[in-house]
Amino acid sequence: MNVYDTERMSESLQTEGYVPTDSAEDADMILLNTCHIREKAAEKVYSELGRFKNLKSENPNLKIGVVGCVAQAEGEEIIRRQPLVDLVVGPQSYHKLPSLERQIKNGEKKVEIDFPTEDKFDYLAKRTDIRRAPAAFLTIQEGCDKFCAFCVVPYTRGAEVSRPVEKVVSEARSLVDKGVKEITLLGQNVNAYHGAVEVGTQFTLAKLIWKLEKIDGLERIRYTTSHPNDMTDDLIEAHADCRKLMPYLHLPVQSGSNKILKRMNRSHTAEAYINLIGSIRKARPDILISGDFIVGFPEETDDDFEDTLDLIRTVGYGQSYSFKYSVRPGTPAAERKQVPEEIKNIRLHKLQKLLGQQQKTVQQSMVGRTVRVLFEKTGRQSGQVVGKSDYLHAVHVLGDQSKVGHVEDVLISRSNTNSLEGKLI
Ligand code: 5AD
Ligand code: SF4
């Protein structure tokens with residue numbers, strides 16, 4: 001979502017006359033888009049800002065802004081801690097950037113972290129003249145009402161809000177008009193989508209997917225991230241019946257211990273999650289399942305951790321993201337008895353070893369198979385093009401630029417650590 005937000009902010013400033021640059025030395029304004037999900041990500045902001053000090057002494061007109069969830073969570077504190085910052089803007093106020101930019105030019109410092117009532121997407125200017133890459137993101141839902149005990153999202157991104165169906169469809173159409181073949185629908189709780197159609201009626205995510213499926217030229221639809229409790233029957237059926245919906249599902253479980261799931265306020269058990277995966281696989285047997293895991297949540301014992309390993313063995317993940325629990329001030333779990341860092345390290349290592357083996361097995365099983373690949377760009381080595389398979393594996397083949405933007409059949413010949421190699425058929 002930060003990638004999508006960054007693009008939208010960049011475009012809205014381009015309509016004000018800015019042009020993007022790859023070099024910080026050339027910039028008149030630097031916006032640092034930030035993540036608050038774990039302490040490490042949040043702390044990185046200050047080390048990055050420190051690196052801009054010299055730039056500001058060389059160019060006194062340079063303006064520096066911190067945007068995103070760290071801005072939302074820390075507000076004015078950022079300017080107190082790092083006075084070279086001119087602007088702090090939370091995720092719900094990006095549409096105010098052009099007017100804020102005019103104010104900071106006059107030497108003011110601005111902090112904008114209210115949750116406005118208007119829909120920022122109605123005001124965020126878009127460039128209509130940019131040709132798009134073949135795969136694009138599209139935010140359809142933001143925020144979260146689930147309040148997992150470890151998570152800052154309900155505080156930084158706010159309450160769950162879905163964009164109206166017509167706005168999503170028209171943005172999708174305009175992306176496709178500019179060359180997009182694959183759209184990933186984004187939301188912190190994307191499968192809780194309940195966008196308005198007209199007064200009084202709403203669409204589920206499944207209904208939205210079926211509507212997008214009718215757009216000519218759009219070939220692939222994905223969505224992320226989902227919560228197990230919002231995996232409705234119509235969405236599972238869409239995985240069976242919707243040709244454009246890709247066989248990949250990111251469905252975080254966080255832990256395999258019922259005690260820990262309860263303490264995390266996840267409102268589902270390990271068994272319910274395993275049954276759900278069973279129903280999804282019944283609908284789409286080849287679907288690749290991906291997950292998020294947290295080790296060392298407060299009060300997690302060795303037995304609880306073993307339950308997580310058992311769940312992973314039962315489910316079988318093709319892809320995963322795993323983290324040591326990170327204390328987030330203001331969240332309920334921050335106040336609880338913490339697991340020592342050494343134990344977290346040992347558990348993370350064990351967990352990642354198992355998940356790594358599973359990923360390898362799934363990738364190996366692709367060798368000898370023919371898969372569909374949407375080519376996105378030329379590769380690092382000359383004569384190579386790279387793209388993504390239906391299962392979201394990165395695939396590279398020998399081929400030229402003309403393949404970019406096209407879906408082709410590829411016979412997979414080799415599995416590398418994080419990608420597959422193959423031959424165009
Ligand atoms: N500590 C570690 N991991 C976290 N996540 C969210 N909050 C925390 C935290 N406090 C992880 C969850 C979530 C993913 C986006 O980040 O696994 O699914
Ligand atoms: Fe955070 Fe996801 Fe839980 Fe919402 S459902 S509180 S975004 S982990």
# chains A, B, ... in the order shown; residues from 1 in each chain; ligands from 1

call {"tool": "residues_around", "arguments": {"residues": "Tyr325 (chain A)", "least_positions_apart": "5", "cutoff": "7 Å", "atoms": "only C-alpha atoms", "output": "PDB file with N, CA, C and O atoms, in the first residue's frame"}}
result
ATOM      1  N   ILE A 294       3.986 -14.493  13.625  1.00  0.00           N
ATOM      2  CA  ILE A 294       4.714 -13.746  14.663  1.00  0.00           C
ATOM      3  C   ILE A 294       5.212 -14.751  15.689  1.00  0.00           C
ATOM      4  O   ILE A 294       4.425 -15.580  16.173  1.00  0.00           O
ATOM      5  N   VAL A 295       6.513 -14.696  16.002  1.00  0.00           N
ATOM      6  CA  VAL A 295       7.028 -15.544  17.092  1.00  0.00           C
ATOM      7  C   VAL A 295       7.348 -14.657  18.291  1.00  0.00           C
ATOM      8  O   VAL A 295       7.656 -13.473  18.144  1.00  0.00           O
ATOM      9  N   GLY A 296       7.243 -15.264  19.474  1.00  0.00           N
ATOM     10  CA  GLY A 296       7.610 -14.536  20.691  1.00  0.00           C
ATOM     11  C   GLY A 296       6.582 -13.520  21.127  1.00  0.00           C
ATOM     12  O   GLY A 296       6.917 -12.543  21.812  1.00  0.00           O
ATOM     13  N   PHE A 297       5.319 -13.753  20.752  1.00  0.00           N
ATOM     14  CA  PHE A 297       4.247 -12.906  21.306  1.00  0.00           C
ATOM     15  C   PHE A 297       4.232 -13.129  22.823  1.00  0.00           C
ATOM     16  O   PHE A 297       4.541 -14.230  23.289  1.00  0.00           O
TER      17      PHE A 297
END

call {"tool": "residues_near_ligand", "arguments": {"ligand": "ligand 2", "cutoff": "8 Å", "atoms": "only C-alpha atoms and all ligand atoms", "output": "list in words"}}
result
Gly143, Cys144, Asp145, Lys146, Phe147, Cys148, Ala149, Phe150, Cys151, Val152, Val153, Pro154, Gln188, Asn189, Thr225, Ser226, His227 and Arg266 of chain A

call {"tool": "closest_atom_pairs", "arguments": {"of": "chain A", "to": "ligand 1", "cutoff": "7 Å", "atoms": "only C-alpha atoms and all ligand atoms", "output": "tab-separated table"}}
result
residue	atom	partner	partner_atom_place_in_ligand_line	distance
A:Ile37	CA	ligand 1	7 (N)	5.2
A:Arg38	CA	ligand 1	9 (C)	5.2
A:Phe150	CA	ligand 1	10 (N)	4.5
A:Cys151	CA	ligand 1	7 (N)	4.1
A:Val152	CA	ligand 1	7 (N)	6.5
A:Pro252	CA	ligand 1	18 (O)	5.7
A:Gln254	CA	ligand 1	17 (O)	5.5
A:Asp292	CA	ligand 1	17 (O)	4.5
A:Phe293	CA	ligand 1	17 (O)	5.0
A:Ile294	CA	ligand 1	17 (O)	5.4
A:Ser322	CA	ligand 1	17 (O)	6.6
A:Phe323	CA	ligand 1	3 (N)	5.1
A:Lys324	CA	ligand 1	2 (C)	5.4
A:Tyr325	CA	ligand 1	1 (N)	3.8
A:Ser326	CA	ligand 1	1 (N)	3.7
A:Val327	CA	ligand 1	10 (N)	5.5
A:Arg328	CA	ligand 1	10 (N)	5.5

call {"tool": "write_last_selection", "arguments": {"atoms": "N, CA and C atoms", "output": "CSV table (one decimal), in the first residue's frame"}}
result
chain,number,residue,atom,x,y,z
A,37,ILE,N,4.7,-0.5,11.5
A,37,ILE,CA,4.2,-1.8,11.9
A,37,ILE,C,5.1,-2.5,13.0
A,38,ARG,N,6.4,-2.3,12.8
A,38,ARG,CA,7.4,-2.8,13.8
A,38,ARG,C,8.4,-1.7,14.2
A,150,PHE,N,-1.4,-7.0,19.0
A,150,PHE,CA,-0.1,-6.5,18.7
A,150,PHE,C,0.0,-5.4,17.7
A,151,CYS,N,-1.1,-5.0,17.1
A,151,CYS,CA,-1.0,-4.3,15.8
A,151,CYS,C,-1.4,-2.8,15.9
A,152,VAL,N,-0.6,-1.9,15.2
A,152,VAL,CA,-0.9,-0.5,15.2
A,152,VAL,C,-1.9,0.0,14.2
A,252,PRO,N,-2.9,-14.5,6.5
A,252,PRO,CA,-2.1,-14.6,7.7
A,252,PRO,C,-2.9,-15.3,8.8
A,254,GLN,N,-0.8,-15.9,11.9
A,254,GLN,CA,0.1,-15.3,13.0
A,254,GLN,C,0.6,-16.3,14.0
A,292,ASP,N,1.4,-14.9,7.2
A,292,ASP,CA,2.3,-14.1,8.1
A,292,ASP,C,2.3,-14.8,9.5
A,293,PHE,N,3.5,-14.7,10.1
A,293,PHE,CA,3.6,-15.4,11.4
A,293,PHE,C,4.4,-14.5,12.4
A,294,ILE,N,4.0,-14.5,13.6
A,294,ILE,CA,4.7,-13.7,14.7
A,294,ILE,C,5.2,-14.8,15.7
A,322,SER,N,7.6,-13.7,8.2
A,322,SER,CA,7.6,-14.0,9.6
A,322,SER,C,8.4,-13.0,10.4
A,323,PHE,N,8.0,-12.8,11.6
A,323,PHE,CA,8.6,-11.7,12.3
A,323,PHE,C,8.7,-12.0,13.8
A,324,LYS,N,9.7,-11.4,14.5
A,324,LYS,CA,9.7,-11.5,15.9
A,324,LYS,C,8.7,-10.5,16.4
A,325,TYR,N,8.0,-10.8,17.5
A,325,TYR,CA,7.0,-9.8,18.0
A,325,TYR,C,7.8,-8.5,18.4
A,326,SER,N,7.2,-7.4,18.0
A,326,SER,CA,7.8,-6.1,18.3
A,326,SER,C,6.8,-5.3,19.1
A,327,VAL,N,7.3,-4.8,20.3
A,327,VAL,CA,6.4,-4.1,21.2
A,327,VAL,C,6.0,-2.8,20.5
A,328,ARG,N,4.7,-2.5,20.4
A,328,ARG,CA,4.2,-1.3,19.8
A,328,ARG,C,3.5,-0.5,20.9

call {"tool": "residues_around", "arguments": {"residues": "Leu87 (chain A)", "least_positions_apart": "2", "cutoff": "9 Å", "atoms": "only C-alpha atoms", "output": "list of chain:residue names"}}
result
A:Leu31, A:Lys63, A:Ile64, A:Gly65, A:Val66, A:Val67, A:Ile79, A:Val85, A:Val89, A:Leu100, A:Glu101, A:Ile104, A:Glu108, A:Lys109, A:Lys110, A:Val111, A:Glu112

call {"tool": "closest_residue", "arguments": {"among": "A:Ile277, A:Val407, A:Cys69, A:Leu348", "to": "Phe375 (chain A)", "atoms": "only C-alpha atoms"}}
result
A:Val407

call {"tool": "residues_around", "arguments": {"residues": "Phe137 (chain A)", "least_positions_apart": "3", "cutoff": "8 Å", "atoms": "only C-alpha atoms", "output": "mmCIF file with N, CA, C and O atoms, in the first residue's frame"}}
result
data_model
loop_
_atom_site.group_PDB
_atom_site.id
_atom_site.type_symbol
_atom_site.label_atom_id
_atom_site.label_comp_id
_atom_site.auth_asym_id
_atom_site.auth_seq_id
_atom_site.Cartn_x
_atom_site.Cartn_y
_atom_site.Cartn_z
ATOM 1 N N MET A 1 0.826 -1.208 0.000
ATOM 2 C CA MET A 1 0.000 0.000 0.000
ATOM 3 C C MET A 1 0.858 1.256 0.000
ATOM 4 O O MET A 1 0.483 2.268 -0.585
ATOM 5 N N TYR A 4 1.678 2.111 -3.555
ATOM 6 C CA TYR A 4 0.533 2.761 -4.199
ATOM 7 C C TYR A 4 0.409 4.211 -3.722
ATOM 8 O O TYR A 4 0.279 5.139 -4.521
ATOM 9 N N ILE A 183 -4.235 -6.383 -11.886
ATOM 10 C CA ILE A 183 -4.484 -5.446 -10.784
ATOM 11 C C ILE A 183 -4.517 -6.209 -9.465
ATOM 12 O O ILE A 183 -5.206 -7.233 -9.344
ATOM 13 N N THR A 184 -3.751 -5.718 -8.486
ATOM 14 C CA THR A 184 -3.823 -6.264 -7.134
ATOM 15 C C THR A 184 -4.623 -5.297 -6.282
ATOM 16 O O THR A 184 -4.228 -4.139 -6.087
ATOM 17 N N LEU A 185 -5.774 -5.766 -5.820
ATOM 18 C CA LEU A 185 -6.649 -4.938 -4.990
ATOM 19 C C LEU A 185 -6.077 -4.911 -3.579
ATOM 20 O O LEU A 185 -5.752 -5.965 -3.016
ATOM 21 N N LEU A 186 -5.937 -3.717 -3.029
ATOM 22 C CA LEU A 186 -5.256 -3.576 -1.742
ATOM 23 C C LEU A 186 -6.182 -3.120 -0.627
ATOM 24 O O LEU A 186 -7.087 -2.321 -0.854
#

call {"tool": "select_by_dssp", "arguments": {"residues": "region 123-302 of chain A", "states": "strand (DSSP E or B)", "output": "PyMOL selection string"}}
result
chain A and resi 135-139+141-142+161-162+182-186+195-198+201-203+220-224+245+248-250+254+288-295

call {"tool": "select_by_dssp", "arguments": {"residues": "region 186-299 of chain A", "states": "helix (DSSP H, G or I)", "output": "number ranges by chain"}}
result
A: 190-192, 205-213, 228-230, 233-241, 258-263, 270-283

call {"tool": "residues_around", "arguments": {"residues": "region 126-130 of chain A", "least_positions_apart": "3", "cutoff": "7 Å", "atoms": "only C-alpha atoms", "output": "number ranges by chain"}}
result
A: 8, 11-12
